[in-house]
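Asker: Coordinates in data-v5.txt, compact mmCIF, C-alpha atoms, are listed below.
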```txt
# COMPACT_ATOMS: atom_id res chain seq x y z
CA MET R 1 12.23 3.35 4.06
CA PRO R 2 12.50 1.07 1.03
CA ASP R 3 12.20 2.64 -2.41
CA PHE R 4 9.36 0.69 -4.03
CA ASP R 5 9.30 3.02 -7.04
CA ARG R 6 12.42 1.34 -8.38
CA TYR R 7 10.49 -1.81 -9.25
CA GLN R 8 9.42 -2.13 -12.87
CA PHE R 9 7.72 -5.54 -12.98
CA LEU R 10 6.35 -5.57 -9.43
CA GLN R 11 3.67 -3.03 -8.59
CA VAL R 12 3.51 -1.94 -4.95
CA SER R 13 0.53 -0.19 -3.36
CA ARG R 14 -1.07 0.15 0.07
CA ASP R 15 -4.42 -0.42 1.70
CA GLY R 16 -4.01 0.92 5.22
CA PRO R 17 -1.61 -1.40 7.07
CA VAL R 18 -1.49 -3.87 4.16
CA LEU R 19 1.30 -3.66 1.59
CA VAL R 20 0.09 -5.03 -1.75
CA ILE R 21 2.63 -6.53 -4.17
CA THR R 22 1.36 -7.33 -7.67
CA LEU R 23 3.33 -9.34 -10.22
CA ASN R 24 2.99 -7.06 -13.22
CA ARG R 25 3.59 -8.67 -16.62
CA PRO R 26 -0.06 -9.37 -17.45
CA GLU R 27 0.61 -9.70 -21.18
CA ARG R 28 2.72 -12.82 -20.37
CA LEU R 29 0.54 -14.14 -17.52
CA ASN R 30 3.22 -12.67 -15.22
CA ALA R 31 5.82 -15.14 -16.45
CA ILE R 32 9.13 -14.54 -14.73
CA HIS R 33 11.94 -13.30 -16.97
CA GLY R 34 15.38 -12.16 -15.84
CA PRO R 35 14.52 -8.64 -14.65
CA MET R 36 11.44 -9.79 -12.72
CA HIS R 37 13.47 -12.63 -11.15
CA THR R 38 15.99 -10.04 -9.95
CA GLU R 39 13.21 -7.89 -8.48
CA LEU R 40 11.65 -10.87 -6.67
CA ALA R 41 15.00 -11.48 -5.01
CA THR R 42 14.76 -8.12 -3.19
CA ILE R 43 11.07 -7.24 -2.80
CA PHE R 44 10.41 -9.33 0.31
CA ARG R 45 13.43 -7.89 2.13
CA ASP R 46 12.07 -4.44 1.34
CA ALA R 47 8.59 -5.44 2.51
CA ASN R 48 10.07 -6.69 5.78
CA GLU R 49 11.75 -3.31 6.37
CA ASP R 50 8.66 -1.26 5.47
CA GLU R 51 7.60 0.48 8.68
CA ASP R 52 4.10 1.42 7.48
CA SER R 53 2.72 -2.10 6.97
CA ARG R 54 1.79 -4.98 9.24
CA ALA R 55 0.81 -7.52 6.57
CA VAL R 56 1.58 -8.17 2.91
CA LEU R 57 -0.76 -9.30 0.13
CA LEU R 58 0.76 -10.88 -3.00
CA THR R 59 -1.19 -11.30 -6.25
CA GLY R 60 -0.86 -11.13 -10.01
CA ALA R 61 -2.10 -8.61 -12.56
CA GLY R 62 -4.55 -9.66 -15.23
CA ARG R 63 -5.77 -13.22 -15.81
CA GLY R 64 -3.11 -15.14 -13.90
CA PHE R 65 -0.95 -15.22 -10.82
CA CYS R 66 2.30 -16.39 -12.42
CA ALA R 67 2.97 -18.68 -15.38
CA GLY R 68 6.42 -19.60 -14.04
CA GLY R 69 9.62 -19.09 -15.99
CA ASP R 70 9.27 -17.28 -19.30
CA VAL R 71 9.80 -20.06 -21.86
CA ARG R 72 10.66 -17.60 -24.62
CA GLY R 73 13.33 -16.20 -22.32
CA MET R 74 14.69 -19.71 -21.83
CA GLN R 75 15.05 -20.10 -25.59
CA GLU R 76 16.84 -16.78 -25.90
CA ARG R 77 19.18 -17.81 -23.06
CA GLU R 78 20.70 -20.62 -25.15
CA SER R 79 24.20 -19.34 -25.87
CA SER R 80 27.85 -20.07 -25.15
CA ASP R 81 29.00 -21.96 -22.05
CA SER R 82 30.59 -18.83 -20.60
CA VAL R 83 27.35 -16.85 -20.89
CA LEU R 84 25.37 -19.75 -19.40
CA ASN R 85 27.78 -20.08 -16.47
CA VAL R 86 27.30 -16.43 -15.52
CA ALA R 87 23.53 -16.66 -16.03
CA PHE R 88 23.15 -19.75 -13.86
CA ARG R 89 25.27 -18.32 -11.05
CA THR R 90 23.07 -15.23 -11.03
CA VAL R 91 19.82 -17.19 -11.21
CA ARG R 92 20.95 -19.59 -8.49
CA THR R 93 21.82 -16.75 -6.11
CA GLU R 94 18.55 -14.96 -6.83
CA ALA R 95 16.51 -18.15 -6.50
CA GLN R 96 17.99 -18.80 -3.07
CA GLU R 97 17.21 -15.23 -2.05
CA ILE R 98 13.59 -15.44 -3.23
CA VAL R 99 12.93 -18.51 -1.08
CA HIS R 100 14.90 -17.35 1.96
CA SER R 101 13.49 -13.81 1.90
CA MET R 102 9.93 -15.15 1.75
CA LEU R 103 10.64 -17.42 4.70
CA ASP R 104 12.36 -14.56 6.56
CA LEU R 105 9.51 -12.09 5.98
CA GLN R 106 8.17 -11.62 9.50
CA LYS R 107 4.86 -10.03 8.50
CA PRO R 108 1.90 -12.24 7.60
CA LEU R 109 1.88 -12.87 3.85
CA VAL R 110 -1.41 -13.59 2.06
CA GLY R 111 -1.37 -15.01 -1.46
CA ALA R 112 -4.32 -14.10 -3.72
CA ILE R 113 -4.08 -16.63 -6.54
CA ASN R 114 -6.18 -15.23 -9.35
CA GLY R 115 -5.39 -17.79 -12.06
CA PRO R 116 -2.57 -20.12 -13.10
CA ALA R 117 0.34 -20.46 -10.65
CA VAL R 118 2.84 -22.66 -12.43
CA GLY R 119 6.47 -23.70 -11.88
CA LEU R 120 8.26 -21.08 -9.81
CA GLY R 121 4.92 -19.30 -9.66
CA SER R 122 3.48 -22.20 -7.68
CA THR R 123 6.44 -22.13 -5.28
CA ILE R 124 5.97 -18.41 -4.66
CA ALA R 125 2.23 -18.93 -4.15
CA LEU R 126 2.65 -21.79 -1.68
CA LEU R 127 5.35 -20.01 0.32
CA CYS R 128 2.68 -17.50 1.33
CA ASP R 129 1.33 -17.97 4.86
CA VAL R 130 -2.34 -18.02 3.87
CA VAL R 131 -3.28 -18.93 0.30
CA ILE R 132 -6.65 -17.82 -1.07
CA ALA R 133 -7.42 -18.88 -4.63
CA SER R 134 -10.14 -18.16 -7.11
CA GLU R 135 -12.15 -21.07 -8.48
CA ARG R 136 -10.34 -20.67 -11.81
CA ALA R 137 -6.88 -21.13 -10.26
CA ARG R 138 -4.60 -23.88 -11.54
CA ILE R 139 -1.56 -24.65 -9.41
CA GLY R 140 1.32 -27.00 -10.17
CA ASP R 141 5.05 -27.29 -10.68
CA THR R 142 5.79 -28.11 -14.32
CA HIS R 143 9.60 -28.04 -14.23
CA VAL R 144 9.91 -31.71 -15.23
CA ALA R 145 7.54 -31.13 -18.15
CA VAL R 146 10.14 -28.79 -19.66
CA GLY R 147 13.07 -31.07 -18.84
CA LEU R 148 14.13 -29.27 -15.67
CA VAL R 149 14.61 -30.40 -12.09
CA ALA R 150 12.13 -28.74 -9.72
CA GLY R 151 15.03 -27.26 -7.81
CA ASP R 152 14.07 -23.65 -7.10
CA GLY R 153 11.75 -24.42 -4.20
CA GLY R 154 9.28 -27.01 -5.43
CA CYS R 155 11.08 -29.88 -3.70
CA LEU R 156 10.96 -27.82 -0.51
CA ILE R 157 7.37 -26.63 -0.27
CA TRP R 158 5.28 -29.33 -1.97
CA PRO R 159 6.27 -32.20 0.38
CA ALA R 160 5.63 -29.91 3.35
CA ILE R 161 2.06 -29.30 2.15
CA VAL R 162 0.85 -32.51 0.47
CA GLY R 163 3.23 -35.13 1.89
CA VAL R 164 6.28 -36.77 0.37
CA ASN R 165 4.73 -39.37 -1.94
CA LYS R 166 2.03 -37.10 -3.30
CA ALA R 167 4.66 -34.41 -3.88
CA LYS R 168 6.76 -36.88 -5.87
CA GLU R 169 3.77 -37.70 -8.06
CA LEU R 170 2.82 -34.07 -8.65
CA LEU R 171 6.38 -32.84 -9.25
CA MET R 172 7.36 -35.70 -11.57
CA THR R 173 4.18 -35.44 -13.67
CA GLY R 174 3.76 -31.66 -13.58
CA GLU R 175 0.03 -32.07 -12.95
CA LEU R 176 -1.94 -28.87 -12.44
CA ILE R 177 -4.38 -29.02 -9.53
CA THR R 178 -7.75 -27.29 -9.80
CA GLY R 179 -11.07 -26.87 -8.01
CA ASP R 180 -11.90 -28.77 -4.85
CA ASP R 181 -8.66 -30.77 -5.09
CA LEU R 182 -6.81 -27.60 -4.11
CA LEU R 183 -8.70 -27.65 -0.81
CA ARG R 184 -8.66 -31.42 -0.37
CA LEU R 185 -4.86 -31.57 -0.67
CA GLY R 186 -4.35 -28.51 1.53
CA ILE R 187 -2.70 -26.56 -1.28
CA VAL R 188 -4.88 -23.53 -0.59
CA ASN R 189 -6.58 -22.34 2.59
CA HIS R 190 -9.68 -20.97 0.89
CA LEU R 191 -11.26 -21.29 -2.55
CA VAL R 192 -13.61 -18.48 -3.58
CA PRO R 193 -15.49 -17.31 -6.69
CA GLU R 194 -13.29 -15.28 -9.03
CA ASP R 195 -15.14 -12.02 -8.38
CA ASP R 196 -14.83 -12.46 -4.61
CA LEU R 197 -11.07 -13.03 -4.53
CA PRO R 198 -9.83 -9.43 -4.11
CA ARG R 199 -12.25 -8.80 -1.25
CA ALA R 200 -11.62 -12.14 0.49
CA ALA R 201 -7.84 -11.82 0.25
CA MET R 202 -7.83 -8.23 1.50
CA GLU R 203 -10.16 -9.11 4.38
CA MET R 204 -7.74 -11.83 5.47
CA ALA R 205 -4.73 -9.51 5.12
CA GLN R 206 -6.48 -6.79 7.13
CA ARG R 207 -7.47 -9.34 9.78
CA LEU R 208 -3.87 -10.51 10.13
CA ALA R 209 -2.63 -6.92 10.17
CA GLY R 210 -4.94 -6.28 13.11
CA MET R 211 -3.50 -9.04 15.28
CA ALA R 212 -0.95 -8.31 18.00
CA PRO R 213 2.12 -7.67 15.81
CA PHE R 214 4.79 -9.31 17.94
CA ALA R 215 2.68 -12.37 18.70
CA ALA R 216 1.74 -12.91 15.06
CA ARG R 217 5.28 -12.38 13.79
CA ALA R 218 6.95 -14.57 16.39
CA THR R 219 4.45 -17.36 15.74
CA LYS R 220 5.18 -17.22 12.01
CA VAL R 221 8.95 -17.11 12.57
CA THR R 222 8.75 -20.15 14.85
CA ILE R 223 6.74 -22.21 12.37
CA ASN R 224 8.96 -21.17 9.46
CA LYS R 225 12.03 -22.55 11.21
CA LEU R 226 10.77 -25.96 10.08
CA LEU R 227 10.84 -24.84 6.44
CA LYS R 228 14.15 -22.99 6.84
CA GLU R 229 15.81 -26.15 8.15
CA ARG R 230 14.46 -28.08 5.17
CA ALA R 231 15.62 -25.32 2.83
CA GLU R 232 19.18 -25.70 4.11
CA THR R 233 18.97 -29.40 3.21
CA VAL R 234 17.35 -29.37 -0.23
CA LEU R 235 17.59 -25.94 -1.87
CA ASP R 236 21.29 -25.89 -2.78
CA VAL R 237 21.14 -29.46 -4.07
CA GLY R 238 17.97 -28.81 -6.04
CA LEU R 239 19.33 -25.67 -7.68
CA ALA R 240 22.56 -27.47 -8.61
CA TRP R 241 20.61 -30.28 -10.27
CA GLU R 242 18.36 -27.76 -12.00
CA ALA R 243 21.39 -25.96 -13.45
CA ILE R 244 22.64 -29.27 -14.85
CA SER R 245 19.24 -30.14 -16.32
CA ALA R 246 19.06 -26.70 -17.96
CA ARG R 247 21.96 -27.77 -20.20
CA SER R 248 20.34 -31.06 -21.22
CA ALA R 249 19.13 -32.02 -24.67
CA ASP R 250 15.76 -32.89 -23.14
CA HIS R 251 15.34 -29.33 -21.90
CA ARG R 252 16.21 -27.94 -25.32
CA GLU R 253 13.70 -30.33 -26.87
CA ALA R 254 11.00 -29.24 -24.42
CA ILE R 255 11.56 -25.57 -25.28
CA ALA R 256 11.53 -26.29 -29.00
CA ALA R 257 8.33 -28.34 -28.65
CA PHE R 258 6.66 -25.54 -26.72
CA MET R 259 7.55 -22.96 -29.35
CA GLU R 260 6.45 -25.31 -32.15
CA LYS R 261 3.23 -26.25 -30.30
CA ARG R 262 3.88 -30.01 -30.36
CA PRO R 263 4.46 -32.73 -27.74
CA PRO R 264 8.13 -33.14 -26.76
CA THR R 265 10.08 -36.33 -27.36
CA PHE R 266 12.57 -37.02 -24.54
CA HIS R 267 15.62 -39.26 -24.88
CA GLY R 268 17.20 -38.97 -21.43
CA ARG R 269 20.10 -36.78 -22.57
```
As structure tokens - that is how I would like this structure written.
Answerer:
Amino acid sequence: MPDFDRYQFLQVSRDGPVLVITLNRPERLNAIHGPMHTELATIFRDANEDEDSRAVLLTGAGRGFCAGGDVRGMQERESSDSVLNVAFRTVRTEAQEIVHSMLDLQKPLVGAINGPAVGLGSTIALLCDVVIASERARIGDTHVAVGLVAGDGGCLIWPAIVGVNKAKELLMTGELITGDDLLRLGIVNHLVPEDDLPRAAMEMAQRLAGMAPFAARATKVTINKLLKERAETVLDVGLAWEAISARSADHREAIAAFMEKRPPTFHGR
């Protein structure tokens, strides 16, 4: 059995046959820093091997689902080329594993989006099989807004959900989608009042856990082959471009502007 106690920034609990995974950095809106990124790269493999669950529910602690990459961590990462090379190799490997392990998870995965799901947070949310969001949810991939290529899964999942041209618009502008637009664009399956989200998400997870296990799993695996084929095409390329953009002057300017609470000025360098 997997050892879920080893996780520090992911909280794991159970509700009968449902394994509940909670992103647990509420003081930072569950922004993903290095240690949490590492944990996300293994948690879904562990969930797949857990013999006591038939479905998984993923949510965030506190007021948000996931604010994406920790911008303060990005600023601290600025260092020598040798340090950056090691960091990017690690992040690239982990980013691939996060996406592939979510697609390989054979159990139904319900996302309970309790607030902002931004950047990588939006990718993780939309890779869930059924996405249930509260009415205060805001979902979007803001990589470009901080001078980065949306390479860690955004270019994979957004076109599959909203179509190619709409995905280009949303990814290149970093627009956050809210309210009825989340339903209209098919970004979420259900939109519920904030207070109803825990109950609605758990009801869906329990419903899926009660289906014939082999039939449900094999159906999911078959559908996910479409996304896995796309992942083989775009993920490596996207992560390579993202690593390049992370060294750009525009990315450094975006981080500085964020910390200084001012609009960035980009120069294409």
Asker: I'd like to know which of R:Arg207, R:His37, R:His143, R:Arg136 is closest to Ile98 (chain R), using only C-alpha atoms.
Answerer: R:His37
Asker: Restricting the calculation to all atoms listed in the file, which member of R:Glu253, R:Asp180, R:Glu242, R:Asp52 is positioned closest to Gly151 (chain R)?
Answerer: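 Closest to Gly151 (chain R) of all the choices is R:Glu242.
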Asker: Find the residues near Ala95 (chain R): any atom within 10 Å, counting all atoms listed in the file, skip ones fewer than 4 places away on the same chain, and give them as a VMD selection string.
Answerer: chain R and resid 37 to 38 40 to 41 89 to 91 99 to 101 120 151 to 153 235 to 236 239
Asker: Provide the CA of Gly140 (chain R) to CA of Gly60 (chain R) distance in Å, to one decimal place.
Answerer: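 A separation of 16.0 Å between them.
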Asker: Go ahead and compute the interatomic distance for CA of Glu175 (chain R) and CA of Ala256 (chain R), in Å to one decimal.
Answerer: 20.6 Å
Asker: Report the distance between CA of Leu156 (chain R) and CA of Leu183 (chain R) in Å, rounded to one decimal place.
Answerer: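 Spanning CA of Leu156 (chain R) to CA of Leu183 (chain R) is a straight-line distance of 19.7 Å.
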Asker: Restricting the calculation to only C-alpha atoms: of R:Val237, R:Met211, R:Ala150, R:Ala231, which residue gets closest to Leu127 (chain R)?
Answerer: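 Looking at the shortest contact to Leu127 (chain R), the residue is R:Ala231.
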Asker: Closest to Asp46 (chain R) among R:Thr233, R:Thr93, R:Gln106, R:Ser122, using only C-alpha atoms?
Answerer: R:Gln106
Asker: Counting all atoms listed in the file, which of R:Gly147, R:Pro264, R:Gly174, R:Gly163 gets nearest to Ile244 (chain R)?
Answerer: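 Of R:Gly147, R:Pro264, R:Gly174, R:Gly163, the one nearest Ile244 (chain R) is R:Gly147, counting all atoms listed in the file.
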Asker: Show me the residues around (4.0, -6.3, 2.9) - criterion: an atom at most 8 Å away, all atoms listed in the file counted - as a count of residues only.
Answerer: 16
Asker: Taking only C-alpha atoms into account, name the residue in R:Met1, R:Ile43, R:Val130, R:Asp70 that is nearest to Met202 (chain R).
Answerer: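 Among the listed residues, R:Val130 lies closest to Met202 (chain R).
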Asker: Tell me, counting only C-alpha atoms, for each residue of region 159-198 of chain R within 12 Å of region 222-229 of chain R, which pair of atoms is nearest and how far apart they are in Å to one decimal, in rows ordered by chain and increasing number, as CSV.
Answerer:
```
residue,atom,partner,partner_atom,distance
R:Pro159,CA,R:Leu227,CA,10.6
R:Ala160,CA,R:Leu227,CA,7.9
R:Ile161,CA,R:Leu227,CA,10.7
```
